[in-house]
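Visitor: Just passing along the structure, written as structure tokens.
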Amino acid sequence: MKLLKNLVLVDDSHPLNLHKVDILIEKDTIIDIKEEIDLKNIEIIKYNHEYVSPGWIDIHTHIYEGVTDISVDADRIGVNSGVVLLCDAGSSGEATIDDFYNLVKNKKTIVKSWINIASTGLRDRHELKDKSNVNIEKTIDKINEYNDFVVGIKVRASASVMGKDTVTPFEKAKIVKEKTGKPIMVHVGNFPPRLEEVLSNLSKGDILTHCYHGKPGGILDENKKVKVYVKNKRLEEVKFDVGHGQESFSYLVSLLAKQDGFYPDSISSDLHKYNLNGPVYSLANVVNKFLNSGYDLNEVISLVTNKPARLLKLQEFGKIKSGGKAHLTVFKLDNEEKELEDSVGMKINVDSVVKVVDVYVNGERCDVKYEN
């Protein structure tokens, strides 16, 4: 057993939220969480009132390392950067998911996958121009085979990926969703297809990622308000994910959307080889951008813990509770001036930053090696 002492809980589902807590862990399970636990003759790890939250979740990354040209090592952007669970966003399809699963199954970071509707995944970045590169039956078979590993179906909706036919990939993805019950995540960027067309293909539980991109045809109208049909899709329980990425996050768009009462349903990084050294760096870096735009600590942390866990029906994640899995992220909030940057070159001057201290995966303490 190990006892973590003198932490401050950040979990708005727990009655001790924002209170000082001690956490008792045995093997991979949280045995108890109280304001004070006194035990002798066990391993005690003392903290100095750092925050502890459920283990952070990043639902949009690229980690099929060595196969797709954009992917990075899962542990580099996972546990070594403060994140317990990563979802790869379509780097593999039905023809490659066996290989991808075997690559990541023994990582310290817990890995899940959005299976690409294209059979070969992201071996090239024009995966849907050849319509024969989609096999509905084999994709369904692989989802059933890897039911716990696959969280949903990934479709990249842009002309460079789809070519002229922007209808067929959605129709095929919707059949897979109907047969498996898995949601669809859609990448949206430059049109065609237009945002309204993309959203018309999404239904309850599906996720639009890159929701705050600054390209033409985004979520804002000419009056810098969130478009009515975008708000209407939220009423239909379509979800909106940040998906920062190299070219897909405008801080100004996110601020204007917030002013209009439009908040994200999850914060993700879209980390890959070409944004790891800027402007994204880490999920913590993205968290800092939202912490310094008027969201409070509970709101932001819920967007990388319990809300994505609910979106993806990840039963063992998103909460700290007695009897639950010991997946934890420990972090501090430092008063430090720092210049951040979004995907369109806007500089963001902040005066406080989250820094991850420790990560626990199934009760095992993992080294955090990289700052944000």
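All residue names refer to the structure tokens as shown: chains lettered A, B, ... in order, residues numbered from 1 in each chain, ligands numbered from 1 in order.
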Give me the residues within 12 Å of A:His213 as a list of chain:residue names, counting only C-alpha atoms and dropping any in the same chain fewer than 6 places off.

Guide: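 My list of contacting residues is A:His187, A:Val188, A:Gly189, A:Asn190, A:Leu195, A:Ile219, A:Leu220, A:Phe240, A:Asp241, A:Val242, A:Gly243, A:His244, A:Gly245, A:Gln246, A:Glu247, A:Ser248, A:Phe249, A:Ser250, A:Tyr251, A:Leu252, A:Val253, A:Ser254, A:Leu255, A:Ala257, A:Asp342, A:Ser343, A:Val344.
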
Visitor: Can I get the selection written as a JSON list (two decimals), in the first residue's frame, with N, CA, C and O atoms?

Guide:
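Dumped to result02.json:
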```
[["chain", "number", "residue", "atom", "x", "y", "z"],
["A", 187, "HIS", "N", -12.80, 15.38, -38.03],
["A", 187, "HIS", "CA", -11.86, 16.49, -38.22],
["A", 187, "HIS", "C", -12.48, 17.46, -39.21],
["A", 187, "HIS", "O", -12.93, 17.06, -40.28],
["A", 188, "VAL", "N", -12.52, 18.74, -38.84],
["A", 188, "VAL", "CA", -13.03, 19.74, -39.77],
["A", 188, "VAL", "C", -11.99, 20.83, -39.94],
["A", 188, "VAL", "O", -11.31, 21.22, -38.99],
["A", 189, "GLY", "N", -11.83, 21.30, -41.17],
["A", 189, "GLY", "CA", -10.85, 22.35, -41.44],
["A", 189, "GLY", "C", -11.31, 23.15, -42.64],
["A", 189, "GLY", "O", -12.43, 23.63, -42.70],
["A", 190, "ASN", "N", -10.41, 23.28, -43.62],
["A", 190, "ASN", "CA", -10.78, 24.01, -44.83],
["A", 190, "ASN", "C", -11.91, 23.31, -45.56],
["A", 190, "ASN", "O", -11.93, 22.08, -45.64],
["A", 195, "LEU", "N", -19.00, 23.44, -43.04],
["A", 195, "LEU", "CA", -19.28, 23.05, -41.67],
["A", 195, "LEU", "C", -20.72, 22.57, -41.51],
["A", 195, "LEU", "O", -20.99, 21.58, -40.82],
["A", 219, "ILE", "N", -17.04, 28.21, -36.80],
["A", 219, "ILE", "CA", -18.28, 28.20, -36.04],
["A", 219, "ILE", "C", -18.89, 29.59, -35.85],
["A", 219, "ILE", "O", -20.04, 29.71, -35.43],
["A", 220, "LEU", "N", -18.13, 30.66, -36.15],
["A", 220, "LEU", "CA", -18.63, 32.02, -35.92],
["A", 220, "LEU", "C", -19.25, 32.61, -37.18],
["A", 220, "LEU", "O", -18.76, 32.37, -38.30],
["A", 240, "PHE", "N", -18.33, 18.99, -28.94],
["A", 240, "PHE", "CA", -17.34, 19.84, -29.59],
["A", 240, "PHE", "C", -16.03, 19.78, -28.83],
["A", 240, "PHE", "O", -15.96, 20.12, -27.64],
["A", 241, "ASP", "N", -14.98, 19.35, -29.52],
["A", 241, "ASP", "CA", -13.66, 19.13, -28.94],
["A", 241, "ASP", "C", -12.66, 20.15, -29.47],
["A", 241, "ASP", "O", -12.73, 20.56, -30.63],
["A", 242, "VAL", "N", -11.70, 20.53, -28.64],
["A", 242, "VAL", "CA", -10.74, 21.57, -29.01],
["A", 242, "VAL", "C", -9.79, 21.11, -30.12],
["A", 242, "VAL", "O", -9.67, 21.76, -31.16],
["A", 243, "GLY", "N", -9.06, 20.02, -29.92],
["A", 243, "GLY", "CA", -8.13, 19.53, -30.95],
["A", 243, "GLY", "C", -7.17, 20.61, -31.43],
["A", 243, "GLY", "O", -7.12, 20.92, -32.62],
["A", 244, "HIS", "N", -6.36, 21.16, -30.54],
["A", 244, "HIS", "CA", -5.52, 22.33, -30.81],
["A", 244, "HIS", "C", -4.75, 22.21, -32.11],
["A", 244, "HIS", "O", -4.96, 22.96, -33.07],
["A", 245, "GLY", "N", -3.79, 21.31, -32.16],
["A", 245, "GLY", "CA", -3.04, 21.04, -33.36],
["A", 245, "GLY", "C", -2.16, 22.17, -33.86],
["A", 245, "GLY", "O", -2.03, 23.22, -33.25],
["A", 246, "GLN", "N", -1.55, 21.92, -35.01],
["A", 246, "GLN", "CA", -0.61, 22.86, -35.62],
["A", 246, "GLN", "C", -1.33, 24.05, -36.27],
["A", 246, "GLN", "O", -0.81, 25.16, -36.28],
["A", 247, "GLU", "N", -2.53, 23.80, -36.78],
["A", 247, "GLU", "CA", -3.24, 24.83, -37.54],
["A", 247, "GLU", "C", -4.71, 24.94, -37.15],
["A", 247, "GLU", "O", -5.49, 25.53, -37.90],
["A", 248, "SER", "N", -5.10, 24.43, -36.00],
["A", 248, "SER", "CA", -6.53, 24.22, -35.75],
["A", 248, "SER", "C", -7.07, 24.84, -34.48],
["A", 248, "SER", "O", -8.15, 24.45, -34.02],
["A", 249, "PHE", "N", -6.36, 25.79, -33.89],
["A", 249, "PHE", "CA", -6.89, 26.45, -32.70],
["A", 249, "PHE", "C", -6.61, 27.94, -32.74],
["A", 249, "PHE", "O", -5.46, 28.37, -32.74],
["A", 250, "SER", "N", -7.69, 28.71, -32.78],
["A", 250, "SER", "CA", -7.59, 30.17, -32.67],
["A", 250, "SER", "C", -8.06, 30.56, -31.27],
["A", 250, "SER", "O", -9.21, 30.34, -30.91],
["A", 251, "TYR", "N", -7.15, 31.14, -30.52],
["A", 251, "TYR", "CA", -7.49, 31.61, -29.17],
["A", 251, "TYR", "C", -8.61, 32.64, -29.23],
["A", 251, "TYR", "O", -9.53, 32.63, -28.40],
["A", 252, "LEU", "N", -8.56, 33.52, -30.24],
["A", 252, "LEU", "CA", -9.59, 34.55, -30.36],
["A", 252, "LEU", "C", -10.96, 33.92, -30.63],
["A", 252, "LEU", "O", -11.97, 34.34, -30.04],
["A", 253, "VAL", "N", -11.03, 32.93, -31.50],
["A", 253, "VAL", "CA", -12.31, 32.24, -31.75],
["A", 253, "VAL", "C", -12.84, 31.62, -30.47],
["A", 253, "VAL", "O", -14.03, 31.70, -30.16],
["A", 254, "SER", "N", -11.95, 31.01, -29.68],
["A", 254, "SER", "CA", -12.39, 30.39, -28.43],
["A", 254, "SER", "C", -12.93, 31.43, -27.45],
["A", 254, "SER", "O", -13.92, 31.19, -26.75],
["A", 255, "LEU", "N", -12.30, 32.60, -27.40],
["A", 255, "LEU", "CA", -12.77, 33.67, -26.52],
["A", 255, "LEU", "C", -14.13, 34.19, -26.96],
["A", 255, "LEU", "O", -15.04, 34.39, -26.14],
["A", 257, "ALA", "N", -16.35, 32.63, -28.74],
["A", 257, "ALA", "CA", -17.35, 31.58, -28.50],
["A", 257, "ALA", "C", -17.74, 31.54, -27.03],
["A", 257, "ALA", "O", -18.93, 31.40, -26.69],
["A", 342, "ASP", "N", -1.12, 30.37, -29.99],
["A", 342, "ASP", "CA", -2.13, 29.49, -30.59],
["A", 342, "ASP", "C", -1.66, 29.02, -31.96],
["A", 342, "ASP", "O", -0.47, 29.18, -32.31],
["A", 343, "SER", "N", -2.56, 28.46, -32.75],
["A", 343, "SER", "CA", -2.17, 27.90, -34.04],
["A", 343, "SER", "C", -2.12, 28.91, -35.18],
["A", 343, "SER", "O", -1.71, 28.57, -36.29],
["A", 344, "VAL", "N", -2.53, 30.14, -34.91],
["A", 344, "VAL", "CA", -2.51, 31.16, -35.97],
["A", 344, "VAL", "C", -1.52, 32.27, -35.65],
["A", 344, "VAL", "O", -1.55, 33.34, -36.25]]
```

Visitor: Hey, what's within 8 Å of stretch 263-277 of chain A if we count only C-alpha atoms and toss same-chain stuff fewer than 6 positions away? As a count of residues only, please?

Guide: 27

Visitor: Would you pick out the contacts of A:His327 at 9 Å or less, using only C-alpha atoms, so that residues sharing its chain but fewer than 3 positions from it are not included, and give the list as an MDAnalysis selection string?

Guide: chainID A and resid 28:30 53:56 84 316:320 324 359:364

Visitor: So which residues of stretch 77-108 of chain A fall under helix (DSSP H, G or I) by DSSP, listed as JSON, numbers by chain?

Guide: {"A": [77, 79, 80, 81, 97, 98, 99, 100, 101, 102, 103, 104]}

Visitor: Go ahead and write the residues just picked, all heavy atoms, as a compact mmCIF listing (two decimals), in the first residue's frame.

Guide:
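After the write, out.txt holds the following:
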```
# COMPACT_ATOMS: atom_id res chain seq x y z
N ILE A 77 4.27 11.97 -24.84
CA ILE A 77 3.19 12.95 -24.65
C ILE A 77 2.14 12.46 -23.66
O ILE A 77 1.20 13.18 -23.34
CB ILE A 77 2.53 13.33 -25.99
CG1 ILE A 77 1.80 12.15 -26.61
CG2 ILE A 77 3.56 13.91 -26.93
CD1 ILE A 77 0.94 12.52 -27.82
N VAL A 79 2.34 9.76 -20.12
CA VAL A 79 2.72 9.85 -18.70
C VAL A 79 3.90 10.78 -18.47
O VAL A 79 3.95 11.46 -17.44
CB VAL A 79 3.02 8.44 -18.11
CG1 VAL A 79 1.76 7.61 -18.06
CG2 VAL A 79 4.13 7.73 -18.88
N ASN A 80 4.85 10.84 -19.41
CA ASN A 80 6.00 11.71 -19.20
C ASN A 80 5.66 13.19 -19.31
O ASN A 80 6.48 14.05 -18.98
CB ASN A 80 7.11 11.37 -20.20
CG ASN A 80 7.69 9.97 -20.01
OD1 ASN A 80 8.16 9.37 -20.97
ND2 ASN A 80 7.64 9.44 -18.80
N SER A 81 4.45 13.49 -19.76
CA SER A 81 3.96 14.87 -19.83
C SER A 81 2.70 15.09 -19.00
O SER A 81 2.04 16.12 -19.16
CB SER A 81 3.70 15.25 -21.29
OG SER A 81 4.89 15.23 -22.05
N ILE A 97 -4.75 -1.79 -37.67
CA ILE A 97 -4.98 -1.64 -36.23
C ILE A 97 -4.36 -2.77 -35.42
O ILE A 97 -3.97 -2.57 -34.27
CB ILE A 97 -6.48 -1.49 -35.92
CG1 ILE A 97 -6.64 -0.94 -34.49
CG2 ILE A 97 -7.24 -2.80 -36.12
CD1 ILE A 97 -8.02 -0.40 -34.17
N ASP A 98 -4.20 -3.96 -36.00
CA ASP A 98 -3.49 -5.03 -35.28
C ASP A 98 -2.08 -4.58 -34.93
O ASP A 98 -1.62 -4.75 -33.79
CB ASP A 98 -3.41 -6.31 -36.13
CG ASP A 98 -4.76 -6.94 -36.41
OD1 ASP A 98 -5.66 -6.81 -35.57
OD2 ASP A 98 -4.91 -7.55 -37.48
N ASP A 99 -1.40 -4.04 -35.91
CA ASP A 99 -0.02 -3.58 -35.70
C ASP A 99 0.02 -2.44 -34.68
O ASP A 99 0.88 -2.41 -33.80
CB ASP A 99 0.58 -3.13 -37.03
CG ASP A 99 2.02 -2.70 -36.90
OD1 ASP A 99 2.86 -3.52 -36.50
OD2 ASP A 99 2.31 -1.52 -37.21
N PHE A 100 -0.91 -1.50 -34.81
CA PHE A 100 -0.92 -0.36 -33.88
C PHE A 100 -1.18 -0.83 -32.45
O PHE A 100 -0.50 -0.41 -31.51
CB PHE A 100 -1.99 0.65 -34.30
CG PHE A 100 -2.13 1.81 -33.34
CD1 PHE A 100 -1.03 2.58 -32.99
CD2 PHE A 100 -3.36 2.14 -32.80
CE1 PHE A 100 -1.15 3.64 -32.10
CE2 PHE A 100 -3.49 3.20 -31.91
CZ PHE A 100 -2.39 3.95 -31.55
N TYR A 101 -2.12 -1.73 -32.26
CA TYR A 101 -2.42 -2.26 -30.92
C TYR A 101 -1.18 -2.91 -30.32
O TYR A 101 -0.85 -2.67 -29.14
CB TYR A 101 -3.57 -3.25 -31.00
CG TYR A 101 -3.86 -3.93 -29.68
CD1 TYR A 101 -4.57 -3.27 -28.68
CD2 TYR A 101 -3.39 -5.22 -29.42
CE1 TYR A 101 -4.81 -3.88 -27.46
CE2 TYR A 101 -3.63 -5.83 -28.21
CZ TYR A 101 -4.35 -5.16 -27.22
OH TYR A 101 -4.58 -5.77 -26.01
N ASN A 102 -0.49 -3.72 -31.09
CA ASN A 102 0.69 -4.40 -30.57
C ASN A 102 1.81 -3.43 -30.25
O ASN A 102 2.62 -3.67 -29.34
CB ASN A 102 1.17 -5.46 -31.56
CG ASN A 102 0.25 -6.67 -31.60
OD1 ASN A 102 -0.26 -7.10 -30.57
ND2 ASN A 102 0.02 -7.22 -32.79
N LEU A 103 1.87 -2.30 -30.97
CA LEU A 103 2.88 -1.29 -30.72
C LEU A 103 2.68 -0.60 -29.37
O LEU A 103 3.64 -0.30 -28.67
CB LEU A 103 2.87 -0.25 -31.84
CG LEU A 103 3.80 0.95 -31.69
CD1 LEU A 103 5.26 0.52 -31.86
CD2 LEU A 103 3.46 2.05 -32.67
N VAL A 104 1.42 -0.35 -29.00
CA VAL A 104 1.15 0.50 -27.83
C VAL A 104 0.66 -0.26 -26.60
O VAL A 104 0.54 0.33 -25.53
CB VAL A 104 0.13 1.60 -28.18
CG1 VAL A 104 0.69 2.52 -29.26
CG2 VAL A 104 -1.22 1.01 -28.59
```

Visitor: Nearest to A:Asn349: which of A:Ile42, A:Val368, A:Leu291, A:Leu122 is it, counting only C-alpha atoms?

Guide: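 With only C-alpha atoms as the atom set, the closest residue is A:Leu291.
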